[in-house]
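Chemist: I have a structure here, written as structure tokens, and I will follow up with some questions on it.
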Amino acid sequence: MALITLTTDFGLKDHFVGAVKGAIYSELPEANIVDITHEITPFNIAETAYILKNAYKSFPKGTIHIVGVDSELSSQNKHIALLLDDHYFICPDNGIISMIASEINPSKIVEINIHNHIESSFPVLDVFVKVASFIARGGKLDVVGKEISTFKKMVEIQPKVNQEKTIIVGGVIYIDNYGNVISNISKKMFVEIGKDRPFKVTARRYTFDKIHNQYNEIVNFESSDIRQFDGKKLALFNSANYLEIAIYRSNLKTVGGASTLLGLDYRDRITIEFTNPSTPDFTTI
């Protein structure tokens with residue numbers, strides 16, 4: 001039984017999601033379709049890459065992932081299908097796959113070439129669904145298109161490190177439902193570059209000299225009023241192991257979150273500066 005996921009920026013108001021699901025069921029009545037999300041910020045490739053990377057690995061091997069973000073076909077935006085980590089991805093070649101493929105190389109990539117037989121202004125419906133259905137029936141990628149060896153890399157997904165390896169310069173790639181601000185700096189990079197040195201995290205005018213692993217690590221549960229910790233700012237490595245700036249027990253609809261209270265937005269710079277243990281400690285604002 002085919003398991004197919006959908007990740008798009010279509011939203012839920014229009015007919016697009018329903019039409020895609022209907023087309024899949026027309027091709028594969030026995031398919032199981034799972035919505036990862038349809039609320040990607042329109043055309044936001046970095047956001048798509050982050051969500052996809054952290055969702056796909058919870059699915060069984062062999063799952064087929066259709067990705068419909070910035071998917072209009074052009075000479076600069078080809079369509080590809082690939083096998084990566086025993087999962088199939090059908091998506092535009094616009095950098096979406098960069099974050100996953102930065103750690104795991106695809107086993108095979110093909111440039112989809114069935115467009116000559118299909119006229120479409122809605123490629124997710126008319127092209128991606130047909131490719132996914134073909135793969136679900138046991139079809140091979142070689143039949144879908146011509147094998148290629150490279151794919152577009154998205155530069156902004158990768159943080160920069162200076163030559164002296166004392167500064168990591170990253171940026172905001174995603175803001176979640178709570179207003180937490182997620183950067184492109186991974187825990188792995190932090191550990192490899194930092195080597196246990198003192199550090200300062202800077203996001204706009206706010207600095208942190210400690211990175212937590214859980215939100216409630218800032219709470220003293222022996223306190224007579226633990227509510228005093230609500231609204232405190234913190235830096236942590238989230239469940240996806242990326243550096244996050246957060247507000248404890250935030251709520252965008254009431255008290256706000258890190259994005260609103262600290263004035264952080266997509267693509268804003270977040271840096272980590274390391275020093276030698278002999279130098280004075282950084283102070284926290």
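Ordered as shown in the structure tokens, chains take letters A, B, and onward, while each chain numbers its residues from 1 and ligands are numbered from 1 in the order shown.
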What's around Lys130 of chain A at 10 Å? Count only C-alpha atoms, leave out sequence neighbours fewer than 5 positions away in its own chain, and write the answer as a PyMOL selection string.
Modeler: chain A and resi 23-24+27+114+123-125+135-136+144
Chemist: Write the residues of the selection above to a file with all heavy atoms, as a PDB file, in the first residue's frame.
Modeler:
ATOM      1  N   ALA A  23      -6.550  13.355  -7.349  1.00  0.00           N
ATOM      2  CA  ALA A  23      -5.776  12.786  -8.453  1.00  0.00           C
ATOM      3  C   ALA A  23      -4.988  11.558  -8.012  1.00  0.00           C
ATOM      4  O   ALA A  23      -4.870  10.577  -8.750  1.00  0.00           O
ATOM      5  CB  ALA A  23      -4.826  13.849  -9.019  1.00  0.00           C
ATOM      6  N   ILE A  24      -4.456  11.618  -6.783  1.00  0.00           N
ATOM      7  CA  ILE A  24      -3.718  10.449  -6.263  1.00  0.00           C
ATOM      8  C   ILE A  24      -4.665   9.261  -6.106  1.00  0.00           C
ATOM      9  O   ILE A  24      -4.358   8.131  -6.524  1.00  0.00           O
ATOM     10  CB  ILE A  24      -3.038  10.780  -4.922  1.00  0.00           C
ATOM     11  CG1 ILE A  24      -1.933  11.817  -5.119  1.00  0.00           C
ATOM     12  CG2 ILE A  24      -2.444   9.509  -4.293  1.00  0.00           C
ATOM     13  CD1 ILE A  24      -1.345  12.363  -3.832  1.00  0.00           C
ATOM     14  N   GLU A  27      -5.521   7.566  -9.311  1.00  0.00           N
ATOM     15  CA  GLU A  27      -4.434   6.705  -9.797  1.00  0.00           C
ATOM     16  C   GLU A  27      -4.224   5.498  -8.893  1.00  0.00           C
ATOM     17  O   GLU A  27      -3.951   4.397  -9.367  1.00  0.00           O
ATOM     18  CB  GLU A  27      -3.128   7.517  -9.869  1.00  0.00           C
ATOM     19  CG  GLU A  27      -3.124   8.661 -10.859  1.00  0.00           C
ATOM     20  CD  GLU A  27      -2.560   8.242 -12.201  1.00  0.00           C
ATOM     21  OE1 GLU A  27      -2.137   7.077 -12.342  1.00  0.00           O
ATOM     22  OE2 GLU A  27      -2.566   9.084 -13.118  1.00  0.00           O
ATOM     23  N   ILE A 114       8.783  13.850 -18.343  1.00  0.00           N
ATOM     24  CA  ILE A 114       7.496  13.466 -18.929  1.00  0.00           C
ATOM     25  C   ILE A 114       6.674  14.684 -19.346  1.00  0.00           C
ATOM     26  O   ILE A 114       5.545  14.555 -19.809  1.00  0.00           O
ATOM     27  CB  ILE A 114       6.668  12.602 -17.956  1.00  0.00           C
ATOM     28  CG1 ILE A 114       6.256  13.422 -16.722  1.00  0.00           C
ATOM     29  CG2 ILE A 114       7.455  11.363 -17.543  1.00  0.00           C
ATOM     30  CD1 ILE A 114       5.288  12.679 -15.809  1.00  0.00           C
ATOM     31  N   PRO A 123       1.811  21.688 -12.057  1.00  0.00           N
ATOM     32  CA  PRO A 123       2.667  20.496 -12.153  1.00  0.00           C
ATOM     33  C   PRO A 123       2.544  19.531 -10.986  1.00  0.00           C
ATOM     34  O   PRO A 123       2.734  18.328 -11.166  1.00  0.00           O
ATOM     35  CB  PRO A 123       4.077  21.081 -12.239  1.00  0.00           C
ATOM     36  CG  PRO A 123       3.967  22.458 -11.695  1.00  0.00           C
ATOM     37  CD  PRO A 123       2.595  22.934 -12.043  1.00  0.00           C
ATOM     38  N   VAL A 124       2.228  20.019  -9.794  1.00  0.00           N
ATOM     39  CA  VAL A 124       2.076  19.100  -8.668  1.00  0.00           C
ATOM     40  C   VAL A 124       0.943  18.120  -8.957  1.00  0.00           C
ATOM     41  O   VAL A 124       1.045  16.916  -8.708  1.00  0.00           O
ATOM     42  CB  VAL A 124       1.812  19.866  -7.356  1.00  0.00           C
ATOM     43  CG1 VAL A 124       1.544  18.888  -6.213  1.00  0.00           C
ATOM     44  CG2 VAL A 124       2.987  20.765  -7.011  1.00  0.00           C
ATOM     45  N   LEU A 125      -0.139  18.635  -9.522  1.00  0.00           N
ATOM     46  CA  LEU A 125      -1.296  17.793  -9.854  1.00  0.00           C
ATOM     47  C   LEU A 125      -1.020  16.896 -11.052  1.00  0.00           C
ATOM     48  O   LEU A 125      -1.273  15.680 -11.007  1.00  0.00           O
ATOM     49  CB  LEU A 125      -2.505  18.683 -10.131  1.00  0.00           C
ATOM     50  CG  LEU A 125      -3.790  17.982 -10.583  1.00  0.00           C
ATOM     51  CD1 LEU A 125      -4.416  17.215  -9.439  1.00  0.00           C
ATOM     52  CD2 LEU A 125      -4.780  19.001 -11.149  1.00  0.00           C
ATOM     53  N   ILE A 135       6.010   5.382  -9.207  1.00  0.00           N
ATOM     54  CA  ILE A 135       6.970   4.818  -8.236  1.00  0.00           C
ATOM     55  C   ILE A 135       6.244   3.892  -7.265  1.00  0.00           C
ATOM     56  O   ILE A 135       6.738   2.820  -6.916  1.00  0.00           O
ATOM     57  CB  ILE A 135       7.683   5.947  -7.479  1.00  0.00           C
ATOM     58  CG1 ILE A 135       8.591   6.732  -8.429  1.00  0.00           C
ATOM     59  CG2 ILE A 135       8.512   5.387  -6.319  1.00  0.00           C
ATOM     60  CD1 ILE A 135       9.171   8.006  -7.829  1.00  0.00           C
ATOM     61  N   ALA A 136       5.051   4.293  -6.833  1.00  0.00           N
ATOM     62  CA  ALA A 136       4.291   3.478  -5.879  1.00  0.00           C
ATOM     63  C   ALA A 136       3.933   2.111  -6.451  1.00  0.00           C
ATOM     64  O   ALA A 136       3.806   1.126  -5.715  1.00  0.00           O
ATOM     65  CB  ALA A 136       3.023   4.214  -5.468  1.00  0.00           C
ATOM     66  N   VAL A 144      11.418   7.533 -15.264  1.00  0.00           N
ATOM     67  CA  VAL A 144      10.813   8.840 -15.011  1.00  0.00           C
ATOM     68  C   VAL A 144      11.598   9.971 -15.665  1.00  0.00           C
ATOM     69  O   VAL A 144      11.040  10.972 -16.100  1.00  0.00           O
ATOM     70  CB  VAL A 144      10.711   9.080 -13.487  1.00  0.00           C
ATOM     71  CG1 VAL A 144      10.285  10.504 -13.181  1.00  0.00           C
ATOM     72  CG2 VAL A 144       9.765   8.076 -12.852  1.00  0.00           C
TER      73      VAL A 144
END
Chemist: What residues in segment 6-207 of chain A get the DSSP label strand (DSSP E or B)? Please answer as a ChimeraX atom specification.
Modeler: /A:6-8,32-37,64-68,74,77,79-84,87-92,108-112,145-148,160-161,167-175,181-186,199-203,206-207
Chemist: Return as a Markdown table the residues of segment 173-255 of chain A lying at most 12 Å from segment 159-163 of chain A, together with the closest atom-to-atom pair for each and the distance in Å to one decimal, counting only C-alpha atoms, with rows in chain order and ascending residue number.
Modeler:
| residue | atom | partner | partner_atom | distance |
| --- | --- | --- | --- | --- |
| A:Ile173 | CA | A:Pro159 | CA | 10.7 |
| A:Ser183 | CA | A:Pro159 | CA | 9.0 |
| A:Asn184 | CA | A:Pro159 | CA | 6.3 |
| A:Ile185 | CA | A:Pro159 | CA | 6.3 |
| A:Ser186 | CA | A:Pro159 | CA | 9.0 |
| A:Met189 | CA | A:Pro159 | CA | 9.2 |
| A:Phe190 | CA | A:Val161 | CA | 10.5 |
| A:Glu192 | CA | A:Val161 | CA | 11.3 |
| A:Ile193 | CA | A:Val161 | CA | 8.4 |
| A:Gly194 | CA | A:Val161 | CA | 10.9 |
| A:Tyr242 | CA | A:Pro159 | CA | 11.6 |
| A:Leu243 | CA | A:Pro159 | CA | 11.6 |
Chemist: Quote the spacing between atom CA of Pro92 of chain A and atom CA of His38 of chain A in Å to one decimal place.
Modeler: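 Interatomic distance, atom CA of Pro92 of chain A to atom CA of His38 of chain A: 16.2 Å.
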Chemist: Contacts between segment 61-81 of chain A and segment 144-204 of chain A, please, where a residue of segment 144-204 of chain A counts if it comes within 12 Å (with only C-alpha atoms); show its shortest atom pair and distance in Å to one decimal, rows by chain and ascending number, as a tab-separated table.
Modeler:
residue	atom	partner	partner_atom	distance
A:Val144	CA	A:Ala81	CA	7.9
A:Gly145	CA	A:Ala81	CA	8.2
A:Lys146	CA	A:Ile80	CA	9.5
A:Glu147	CA	A:Ala81	CA	9.5
A:Ile148	CA	A:Ile80	CA	9.2
A:Ser149	CA	A:Ile80	CA	11.3
A:Thr150	CA	A:Ile80	CA	10.5
A:Phe151	CA	A:Ile80	CA	8.6
A:Lys152	CA	A:Asn77	CA	9.3
Chemist: Can you tell me which residues surround Ile211 of chain A at a distance of at most 8 Å, considering only C-alpha atoms, apart from same-chain residues fewer than 4 positions away, and format the answer as a count of residues only?
Modeler: 4
Chemist: In Å to one decimal, how far is atom CA of Phe59 of chain A from atom CA of Ile45 of chain A?
Modeler: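 Taking atom CA of Ile45 of chain A and atom CA of Phe59 of chain A, their separation equals 21.4 Å.
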Chemist: With distances taken over only C-alpha atoms, which residue among A:Asp268, A:Glu217, A:Asp85, A:Asp35 lies nearest Val20 of chain A?
Modeler: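 Ranking A:Asp268, A:Glu217, A:Asp85, A:Asp35 by distance to Val20 of chain A, first place goes to A:Asp35.
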Chemist: What are the DSSP alpha helix (DSSP H) residues of segment 179-213 of chain A, as number ranges by chain?
Modeler: A: 187-194
Chemist: Emit the selected residues as a PDB file, in the first residue's frame, including all heavy atoms.
Modeler:
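Here's the written file again_11.pdb:
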ATOM      1  N   LYS A 187      23.450  21.812  16.231  1.00  0.00           N
ATOM      2  CA  LYS A 187      24.220  21.442  17.424  1.00  0.00           C
ATOM      3  C   LYS A 187      25.539  20.793  17.028  1.00  0.00           C
ATOM      4  O   LYS A 187      26.575  21.023  17.673  1.00  0.00           O
ATOM      5  CB  LYS A 187      23.395  20.490  18.295  1.00  0.00           C
ATOM      6  CG  LYS A 187      24.055  20.154  19.624  1.00  0.00           C
ATOM      7  CD  LYS A 187      23.137  19.306  20.488  1.00  0.00           C
ATOM      8  CE  LYS A 187      23.763  19.046  21.857  1.00  0.00           C
ATOM      9  NZ  LYS A 187      22.837  18.250  22.722  1.00  0.00           N
ATOM     10  N   LYS A 188      25.516  20.012  15.958  1.00  0.00           N
ATOM     11  CA  LYS A 188      26.737  19.355  15.476  1.00  0.00           C
ATOM     12  C   LYS A 188      27.793  20.393  15.119  1.00  0.00           C
ATOM     13  O   LYS A 188      28.961  20.270  15.506  1.00  0.00           O
ATOM     14  CB  LYS A 188      26.408  18.485  14.267  1.00  0.00           C
ATOM     15  CG  LYS A 188      27.614  17.770  13.669  1.00  0.00           C
ATOM     16  CD  LYS A 188      27.206  16.956  12.449  1.00  0.00           C
ATOM     17  CE  LYS A 188      28.413  16.285  11.820  1.00  0.00           C
ATOM     18  NZ  LYS A 188      28.037  15.540  10.584  1.00  0.00           N
ATOM     19  N   MET A 189      27.396  21.441  14.389  1.00  0.00           N
ATOM     20  CA  MET A 189      28.349  22.490  14.019  1.00  0.00           C
ATOM     21  C   MET A 189      28.852  23.220  15.263  1.00  0.00           C
ATOM     22  O   MET A 189      30.050  23.511  15.389  1.00  0.00           O
ATOM     23  CB  MET A 189      27.719  23.477  13.055  1.00  0.00           C
ATOM     24  CG  MET A 189      28.572  24.705  12.788  1.00  0.00           C
ATOM     25  SD  MET A 189      27.877  25.828  11.568  1.00  0.00           S
ATOM     26  CE  MET A 189      28.459  25.035  10.064  1.00  0.00           C
ATOM     27  N   PHE A 190      27.949  23.517  16.186  1.00  0.00           N
ATOM     28  CA  PHE A 190      28.324  24.211  17.418  1.00  0.00           C
ATOM     29  C   PHE A 190      29.396  23.433  18.180  1.00  0.00           C
ATOM     30  O   PHE A 190      30.391  23.993  18.645  1.00  0.00           O
ATOM     31  CB  PHE A 190      27.093  24.406  18.292  1.00  0.00           C
ATOM     32  CG  PHE A 190      27.376  24.961  19.658  1.00  0.00           C
ATOM     33  CD1 PHE A 190      27.546  26.323  19.843  1.00  0.00           C
ATOM     34  CD2 PHE A 190      27.467  24.115  20.751  1.00  0.00           C
ATOM     35  CE1 PHE A 190      27.798  26.835  21.114  1.00  0.00           C
ATOM     36  CE2 PHE A 190      27.730  24.617  22.016  1.00  0.00           C
ATOM     37  CZ  PHE A 190      27.891  25.978  22.200  1.00  0.00           C
ATOM     38  N   VAL A 191      29.194  22.129  18.310  1.00  0.00           N
ATOM     39  CA  VAL A 191      30.143  21.289  19.050  1.00  0.00           C
ATOM     40  C   VAL A 191      31.482  21.201  18.312  1.00  0.00           C
ATOM     41  O   VAL A 191      32.555  21.317  18.916  1.00  0.00           O
ATOM     42  CB  VAL A 191      29.544  19.885  19.272  1.00  0.00           C
ATOM     43  CG1 VAL A 191      30.593  18.931  19.823  1.00  0.00           C
ATOM     44  CG2 VAL A 191      28.355  19.958  20.214  1.00  0.00           C
ATOM     45  N   GLU A 192      31.427  20.994  16.984  1.00  0.00           N
ATOM     46  CA  GLU A 192      32.661  20.836  16.212  1.00  0.00           C
ATOM     47  C   GLU A 192      33.492  22.113  16.173  1.00  0.00           C
ATOM     48  O   GLU A 192      34.723  22.055  16.263  1.00  0.00           O
ATOM     49  CB  GLU A 192      32.327  20.388  14.788  1.00  0.00           C
ATOM     50  CG  GLU A 192      31.815  18.960  14.708  1.00  0.00           C
ATOM     51  CD  GLU A 192      31.397  18.568  13.305  1.00  0.00           C
ATOM     52  OE1 GLU A 192      31.354  19.445  12.412  1.00  0.00           O
ATOM     53  OE2 GLU A 192      31.116  17.369  13.095  1.00  0.00           O
ATOM     54  N   ILE A 193      32.845  23.260  16.042  1.00  0.00           N
ATOM     55  CA  ILE A 193      33.576  24.523  15.964  1.00  0.00           C
ATOM     56  C   ILE A 193      33.926  25.042  17.355  1.00  0.00           C
ATOM     57  O   ILE A 193      35.017  25.559  17.592  1.00  0.00           O
ATOM     58  CB  ILE A 193      32.750  25.586  15.209  1.00  0.00           C
ATOM     59  CG1 ILE A 193      32.430  25.108  13.794  1.00  0.00           C
ATOM     60  CG2 ILE A 193      33.491  26.927  15.170  1.00  0.00           C
ATOM     61  CD1 ILE A 193      33.634  24.857  12.920  1.00  0.00           C
ATOM     62  N   GLY A 194      32.986  24.905  18.290  1.00  0.00           N
ATOM     63  CA  GLY A 194      33.182  25.473  19.619  1.00  0.00           C
ATOM     64  C   GLY A 194      34.239  24.791  20.460  1.00  0.00           C
ATOM     65  O   GLY A 194      34.979  25.455  21.184  1.00  0.00           O
TER      66      GLY A 194
END
Chemist: Nearest to Leu6 of chain A among A:Pro42, A:Pro106, A:Gly139, A:Gly18, with distances taken over only C-alpha atoms: which residue is it?
Modeler: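 Closest candidate: A:Gly18.
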Chemist: Between A:Ser239, A:Thr166, A:Phe16, A:Thr275, which one has atoms that come closest to Asp126 of chain A, using only C-alpha atoms?
Modeler: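 Smallest separation from Asp126 of chain A among the options: A:Phe16.
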Chemist: Pick out the closest residue to Ile90 of chain A from this set: A:Thr254, A:Thr202, A:Thr271, A:Ser133. Count only C-alpha atoms.
Modeler: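 Of A:Thr254, A:Thr202, A:Thr271, A:Ser133, the one nearest Ile90 of chain A, counting only C-alpha atoms, is A:Ser133.
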